[in-house]
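Below is final_26.txt, which holds compact mmCIF, C-alpha atoms.
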# COMPACT_ATOMS: atom_id res chain seq x y z
CA MET A 1 35.00 -26.55 -107.24
CA ARG A 2 35.45 -24.86 -103.89
CA TYR A 3 34.36 -21.37 -102.93
CA GLY A 4 35.39 -19.23 -99.96
CA ILE A 5 32.42 -17.40 -98.43
CA LEU A 6 33.39 -14.21 -96.61
CA ALA A 7 31.30 -11.43 -95.10
CA ASP A 8 32.00 -8.23 -93.15
CA ILE A 9 35.75 -7.89 -93.59
CA HIS A 10 35.38 -4.33 -92.28
CA SER A 11 38.85 -3.04 -93.14
CA ASN A 12 40.45 -5.54 -90.74
CA LEU A 13 43.50 -6.59 -92.71
CA ALA A 14 44.95 -8.85 -90.00
CA ALA A 15 41.72 -10.86 -89.81
CA PHE A 16 41.38 -10.99 -93.59
CA GLU A 17 44.95 -12.22 -94.07
CA ALA A 18 44.45 -14.87 -91.36
CA VAL A 19 41.34 -16.15 -93.12
CA LEU A 20 43.06 -16.26 -96.50
CA SER A 21 46.00 -18.13 -94.96
CA ASP A 22 43.64 -20.63 -93.37
CA ILE A 23 41.87 -21.14 -96.69
CA GLY A 24 45.23 -21.87 -98.30
CA GLU A 25 46.14 -24.38 -95.60
CA ARG A 26 42.83 -26.16 -96.23
CA GLY A 27 43.56 -26.65 -99.92
CA GLY A 28 42.51 -23.30 -101.33
CA VAL A 29 39.45 -22.24 -103.29
CA GLU A 30 38.78 -21.39 -106.92
CA GLU A 31 36.81 -18.24 -106.10
CA ILE A 32 35.81 -16.02 -103.20
CA TRP A 33 32.19 -15.01 -102.69
CA CYS A 34 32.20 -11.79 -100.68
CA LEU A 35 28.93 -10.74 -99.03
CA GLY A 36 29.69 -7.05 -98.58
CA ASP A 37 31.04 -4.60 -96.01
CA ILE A 38 34.60 -4.88 -97.18
CA VAL A 39 35.20 -1.53 -95.48
CA GLY A 40 33.97 0.37 -92.43
CA TYR A 41 34.99 0.25 -88.76
CA GLY A 42 38.59 -0.88 -89.30
CA PRO A 43 41.89 0.81 -90.19
CA ASP A 44 42.86 -0.73 -93.56
CA PRO A 45 40.11 -0.16 -96.15
CA VAL A 46 42.32 0.26 -99.22
CA GLU A 47 44.60 -2.60 -98.25
CA CYS A 48 41.61 -4.95 -97.84
CA ILE A 49 40.12 -3.94 -101.18
CA ASN A 50 43.47 -4.35 -102.95
CA LEU A 51 44.01 -7.78 -101.39
CA LEU A 52 40.51 -8.93 -102.32
CA ARG A 53 41.06 -7.85 -105.91
CA THR A 54 44.08 -10.18 -106.24
CA TYR A 55 41.66 -13.12 -106.05
CA SER A 56 38.95 -14.30 -108.39
CA CYS A 57 36.03 -12.75 -106.55
CA THR A 58 32.26 -12.37 -106.82
CA CYS A 59 31.19 -9.59 -104.48
CA VAL A 60 28.10 -7.61 -103.49
CA ALA A 61 27.83 -4.24 -101.74
CA GLY A 62 27.17 -3.73 -98.04
CA ASN A 63 25.82 -0.73 -96.18
CA HIS A 64 29.28 0.38 -95.03
CA ASP A 65 30.59 0.10 -98.58
CA TRP A 66 27.82 2.41 -99.73
CA ALA A 67 28.32 4.80 -96.82
CA ALA A 68 32.01 5.15 -97.65
CA ILE A 69 31.24 6.33 -101.19
CA GLY A 70 28.30 8.58 -100.30
CA LYS A 71 25.55 6.29 -101.59
CA LEU A 72 24.06 5.89 -98.11
CA ASP A 73 23.35 8.59 -95.56
CA THR A 74 24.99 7.80 -92.22
CA SER A 75 22.22 9.46 -90.20
CA ASP A 76 20.84 6.01 -89.35
CA PHE A 77 24.27 4.75 -88.22
CA ASN A 78 25.27 4.92 -84.57
CA PRO A 79 27.78 7.75 -83.93
CA TYR A 80 30.81 5.44 -83.85
CA ALA A 81 29.90 3.67 -87.08
CA ALA A 82 29.21 7.03 -88.74
CA ALA A 83 32.57 8.41 -87.61
CA ALA A 84 34.33 5.34 -89.02
CA ALA A 85 32.42 5.65 -92.30
CA HIS A 86 33.47 9.28 -92.70
CA TRP A 87 37.07 8.37 -91.85
CA THR A 88 36.97 5.59 -94.46
CA ALA A 89 35.61 7.96 -97.10
CA ARG A 90 38.53 10.31 -96.55
CA HIS A 91 41.09 7.52 -96.91
CA LEU A 92 39.83 5.70 -100.01
CA THR A 93 41.91 5.96 -103.16
CA PRO A 94 40.11 6.72 -106.45
CA GLU A 95 40.65 3.10 -107.51
CA ALA A 96 39.20 1.72 -104.27
CA LYS A 97 36.21 4.04 -104.53
CA ALA A 98 35.59 2.98 -108.13
CA PHE A 99 35.66 -0.68 -107.09
CA LEU A 100 33.02 -0.09 -104.41
CA GLU A 101 30.90 1.97 -106.83
CA GLU A 102 30.63 -0.98 -109.19
CA LEU A 103 29.48 -3.58 -106.65
CA PRO A 104 25.92 -4.88 -107.24
CA LEU A 105 23.36 -5.31 -104.48
CA LYS A 106 22.36 -8.89 -105.36
CA LEU A 107 23.92 -11.66 -107.42
CA THR A 108 22.87 -15.16 -108.43
CA VAL A 109 25.57 -17.81 -108.74
CA GLY A 110 24.15 -21.21 -109.64
CA ASP A 111 21.88 -22.34 -106.80
CA PHE A 112 22.94 -19.39 -104.59
CA THR A 113 21.70 -15.85 -104.14
CA LEU A 114 24.32 -13.52 -102.66
CA VAL A 115 23.32 -10.41 -100.68
CA HIS A 116 24.62 -8.44 -97.74
CA GLY A 117 21.53 -7.85 -95.61
CA SER A 118 18.54 -9.77 -96.93
CA PRO A 119 17.07 -10.69 -100.32
CA SER A 120 14.27 -8.14 -99.92
CA ASP A 121 16.52 -5.35 -98.57
CA PRO A 122 20.12 -6.13 -99.51
CA ILE A 123 21.63 -3.04 -97.93
CA TRP A 124 19.90 -2.62 -94.61
CA GLU A 125 17.74 -5.49 -93.25
CA TYR A 126 19.26 -7.69 -90.55
CA LEU A 127 18.16 -11.35 -90.57
CA PHE A 128 18.21 -12.17 -86.87
CA SER A 129 15.21 -14.50 -86.65
CA ALA A 130 13.37 -17.36 -88.31
CA ASP A 131 10.40 -15.03 -88.82
CA GLY A 132 12.60 -12.60 -90.72
CA ALA A 133 13.98 -15.42 -92.85
CA GLU A 134 10.48 -16.66 -93.60
CA ALA A 135 9.39 -13.20 -94.73
CA ASN A 136 12.23 -13.19 -97.27
CA LEU A 137 11.55 -16.53 -98.96
CA SER A 138 9.59 -14.93 -101.78
CA SER A 139 12.42 -12.48 -102.50
CA PHE A 140 14.87 -15.02 -103.96
CA ASP A 141 14.37 -17.85 -106.45
CA THR A 142 17.40 -20.03 -105.74
CA SER A 143 17.64 -22.94 -103.33
CA TYR A 144 20.11 -21.13 -101.08
CA CYS A 145 20.80 -17.58 -100.02
CA LEU A 146 24.02 -16.30 -98.46
CA VAL A 147 23.86 -13.21 -96.24
CA GLY A 148 26.08 -11.23 -93.89
CA HIS A 149 25.41 -7.98 -92.00
CA THR A 150 24.64 -9.42 -88.54
CA HIS A 151 28.20 -10.77 -88.08
CA VAL A 152 26.66 -13.89 -86.50
CA PRO A 153 26.99 -17.35 -88.09
CA VAL A 154 23.59 -18.99 -88.46
CA VAL A 155 21.54 -21.15 -90.80
CA PHE A 156 17.79 -20.87 -91.41
CA GLU A 157 16.24 -24.08 -92.75
CA CYS A 158 13.03 -23.34 -94.61
CA ASP A 159 10.02 -25.17 -96.01
CA ALA A 160 8.10 -23.75 -98.94
CA ASP A 161 4.57 -25.00 -98.30
CA PRO A 162 3.51 -23.57 -95.98
CA PRO A 163 6.41 -21.08 -95.75
CA SER A 164 8.26 -21.58 -92.47
CA CYS A 165 11.85 -21.49 -91.20
CA LEU A 166 13.81 -22.92 -88.29
CA GLU A 167 17.00 -21.34 -86.93
CA TYR A 168 20.15 -23.33 -86.14
CA ASP A 169 23.71 -22.55 -85.19
CA LEU A 170 25.98 -22.96 -88.18
CA PRO A 171 27.99 -26.08 -87.29
CA LEU A 172 31.71 -25.50 -86.77
CA GLU A 173 33.92 -27.48 -89.18
CA ALA A 174 31.40 -30.35 -89.45
CA PRO A 175 29.91 -30.32 -92.98
CA LEU A 176 26.50 -28.76 -93.52
CA LYS A 177 24.97 -30.87 -96.27
CA LEU A 178 22.86 -28.88 -98.71
CA ALA A 179 19.81 -30.95 -99.58
CA GLU A 180 16.21 -30.38 -100.59
CA LYS A 181 15.18 -27.68 -98.14
CA ARG A 182 15.87 -24.03 -98.84
CA LEU A 183 18.56 -22.48 -96.67
CA ILE A 184 19.58 -18.96 -95.72
CA ILE A 185 23.14 -19.05 -94.39
CA ASN A 186 25.29 -16.43 -92.67
CA PRO A 187 29.00 -17.40 -92.39
CA GLY A 188 29.68 -14.83 -89.63
CA GLY A 189 32.02 -11.85 -89.78
CA VAL A 190 35.66 -11.88 -90.84
CA GLY A 191 36.65 -8.54 -89.38
CA GLN A 192 34.24 -7.91 -86.53
CA PRO A 193 32.56 -11.05 -85.10
CA ARG A 194 29.56 -10.41 -82.85
CA ASP A 195 28.65 -13.83 -81.47
CA GLY A 196 30.96 -13.73 -78.46
CA ASP A 197 33.80 -15.49 -80.29
CA GLU A 198 36.54 -13.03 -81.19
CA ARG A 199 38.01 -15.25 -83.92
CA ALA A 200 37.40 -14.41 -87.58
CA ALA A 201 34.62 -16.47 -89.17
CA TYR A 202 34.17 -17.71 -92.73
CA ALA A 203 32.94 -20.72 -94.73
CA ILE A 204 33.98 -22.88 -97.65
CA TYR A 205 31.42 -24.35 -100.04
CA ASP A 206 32.53 -27.59 -101.70
CA ALA A 207 30.38 -28.05 -104.80
CA ASP A 208 31.57 -31.62 -105.37
CA GLN A 209 30.41 -32.63 -101.88
CA ASN A 210 27.45 -30.20 -101.99
CA ALA A 211 28.43 -29.21 -98.45
CA LEU A 212 29.43 -26.08 -96.59
CA HIS A 213 32.11 -25.96 -93.88
CA HIS A 214 32.28 -23.18 -91.28
CA TYR A 215 35.63 -22.22 -89.72
CA ARG A 216 36.99 -19.85 -87.04
CA VAL A 217 40.48 -18.39 -87.22
CA PRO A 218 42.50 -16.56 -84.54
CA TYR A 219 44.28 -13.41 -85.67
CA ASP A 220 46.36 -10.58 -84.20
CA ILE A 221 43.55 -8.53 -82.66
CA GLU A 222 45.95 -6.21 -80.84
CA LEU A 223 47.60 -5.25 -84.13
CA THR A 224 44.27 -4.09 -85.54
CA GLN A 225 43.38 -2.33 -82.30
CA ARG A 226 46.69 -0.44 -82.26
CA LYS A 227 46.15 0.71 -85.83
CA MET A 228 42.62 1.89 -85.04
CA ILE A 229 43.78 3.90 -82.04
CA ARG A 230 46.71 5.36 -84.00
CA TRP A 231 44.36 6.54 -86.75
CA GLY A 232 41.91 8.07 -84.29
CA LEU A 233 39.05 5.68 -84.95
CA PRO A 234 36.54 5.36 -82.08
CA PHE A 235 38.08 3.50 -79.15
CA SER A 236 34.90 1.49 -78.55
CA LEU A 237 35.17 -0.03 -82.02
CA ALA A 238 38.68 -1.21 -81.27
CA GLN A 239 37.78 -2.45 -77.81
CA ARG A 240 34.86 -4.61 -78.98
CA LEU A 241 37.12 -6.72 -81.21
CA GLY A 242 38.59 -8.40 -78.14
CA ALA A 243 35.15 -9.45 -76.90
CA GLY A 244 33.74 -10.60 -80.23
CA ARG A 245 30.69 -8.35 -79.72

Encoding of this model in structure tokens:
Amino acid sequence: MRYGILADIHSNLAAFEAVLSDIGERGGVEEIWCLGDIVGYGPDPVECINLLRTYSCTCVAGNHDWAAIGKLDTSDFNPYAAAAAHWTARHLTPEAKAFLEELPLKLTVGDFTLVHGSPSDPIWEYLFSADGAEANLSSFDTSYCLVGHTHVPVVFECDADPPSCLEYDLPLEAPLKLAEKRLIINPGGVGQPRDGDERAAYAIYDADQNALHHYRVPYDIELTQRKMIRWGLPFSLAQRLGAGR
């Protein structure tokens, strides 16, 4: 069995389609695990939701998903993110809104816990550091935890006794073997990468090999930018796509 691991699509249909095409060229997957923030920032929220729903998908909610349906106050968002969240809310169809309403905050799939932010705070906490990963070890029971939210691909390798974690770059294309140590893994962002690489990021987990592969995919950034500008979304949100920041 193979699983596509996607986070932070952020209404970027061009990036999402490029990732799905790349998955197909690599032999496909049986299921997609989506780590939240399907919407927000970008110009195609309904289209991204509808496309995701054509696949067998296990998905959790992100903070922008909640903001778009009024479950999360945008007062803690920066002004540009808040403006995009309010725009998204106005453009969701009833069916798209219902889909987001039903997303859980945390899921367990075999040896994996799936969340958007962190196991202890699935909606809001950013896992940027080994210390933050260590503080979350008691908040999930599985061997591995998959997170998004930071839009930065990374792996935290953790020991249980005493609790401690080390931070590594998620290797590109080379297999990450999943062994005895607990891991917290972020596949990076599909629709708004923030690690200085403007290409969409995602991962494939191969259960037969017990290994995870991380990939980057170029997409038509200018197409997404033109749509954002046409719809009146904040220019800075469009501009940052070209820098991967």

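Shortest separation to Ala84 (chain A) among A:Ala68, A:Leu172, A:Cys158, A:Val190 occurs at residue A:Ala68, atoms counted being all atoms listed in the file.
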
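Using all atoms listed in the file, the protein and nucleic acid residues lying no more than 9 Å from Phe128 (chain A), apart from those fewer than 5 places from it along its own chain, are Ala133, Thr150, Val152 and Val154 of chain A.
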
Restricting the output to C-alpha atoms, write the selected residues as a compact mmCIF listing (two decimals), in the coordinates of the input.
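The resulting file, again-v4.txt, is reproduced below:
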# COMPACT_ATOMS: atom_id res chain seq x y z
CA ALA A 133 13.98 -15.42 -92.85
CA THR A 150 24.64 -9.42 -88.54
CA VAL A 152 26.66 -13.89 -86.50
CA VAL A 154 23.59 -18.99 -88.46

Problem - Pro122 (chain A) surroundings by all atoms listed in the file, 10 Å radius, close-in-sequence under 4 positions cut, as a ChimeraX atom specification - result: /A:35-36,60-63,104-106,114-118,126,147-149

Fill in the blank from the handout: Shortest contact to Val217 (chain A), candidates A:Val19, A:Pro175, A:Glu157, A:Asp37, atoms counted only C-alpha atoms, goes to A:Val19

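Minimum atom-to-atom distances from A:Asp65, A:Asp141, A:Glu30, A:Asp44 to Asp8 (chain A) were compared using all atoms listed in the file, and the lowest value belongs to A:Asp65.
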
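The shortest atom-to-atom distance to Ile69 (chain A), with only C-alpha atoms taken into account, belongs to A:Leu100 out of A:Ile32, A:Leu100, A:Ala83, A:Ile49.
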
Fill in the blank from the handout: For Asn210 (chain A), the closest of A:Phe112, A:Glu102, A:Asn186, A:Asp195 counting only C-alpha atoms is A:Phe112

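Excluding His213 (chain A) itself and same-chain residues fewer than 3 positions from it, the residues having an atom within 6 Å of it are Glu173, Pro175, Ala203 and Ile204 of chain A, counting all atoms listed in the file.
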
Write out as a CSV table (one decimal) with C-alpha atoms, in the frame of the given file the residues lying within 9 Å of Phe140 (chain A), counting only C-alpha atoms and excluding same-chain residues fewer than 5 positions away.
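File selection.csv, as written:
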chain,number,residue,atom,x,y,z
A,113,THR,CA,21.7,-15.8,-104.1
A,119,PRO,CA,17.1,-10.7,-100.3
A,120,SER,CA,14.3,-8.1,-99.9
A,145,CYS,CA,20.8,-17.6,-100.0

Problem - 9 Å contact set for Tyr80 (chain A), all atoms listed in the file, chain neighbours under 4 positions out, as a VMD selection string - result: chain A and resid 41 84 to 85 233 to 237

With C-alpha atoms retained, write the just-selected residues as an mmCIF file, in the coordinates of the input.
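New file again-v3.cif:
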data_model
loop_
_atom_site.group_PDB
_atom_site.id
_atom_site.type_symbol
_atom_site.label_atom_id
_atom_site.label_comp_id
_atom_site.auth_asym_id
_atom_site.auth_seq_id
_atom_site.Cartn_x
_atom_site.Cartn_y
_atom_site.Cartn_z
ATOM 1 C CA TYR A 41 34.990 0.250 -88.760
ATOM 2 C CA ALA A 84 34.330 5.340 -89.020
ATOM 3 C CA ALA A 85 32.420 5.650 -92.300
ATOM 4 C CA LEU A 233 39.050 5.680 -84.950
ATOM 5 C CA PRO A 234 36.540 5.360 -82.080
ATOM 6 C CA PHE A 235 38.080 3.500 -79.150
ATOM 7 C CA SER A 236 34.900 1.490 -78.550
ATOM 8 C CA LEU A 237 35.170 -0.030 -82.020
#

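Distances here use all atoms listed in the file; by that measure, the residue among A:Lys227, A:Lys177, A:Arg182, A:Arg194 closest to Arg240 (chain A) is A:Arg194.
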
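Here CA of Ala130 (chain A) stands at a distance of 6.4 Å from CA of Phe156 (chain A).
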
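One finds CA of Glu167 (chain A) at 25.4 Å from CA of Cys59 (chain A).
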
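CA of Pro153 (chain A) sits 22.3 Å away from CA of Ser138 (chain A).
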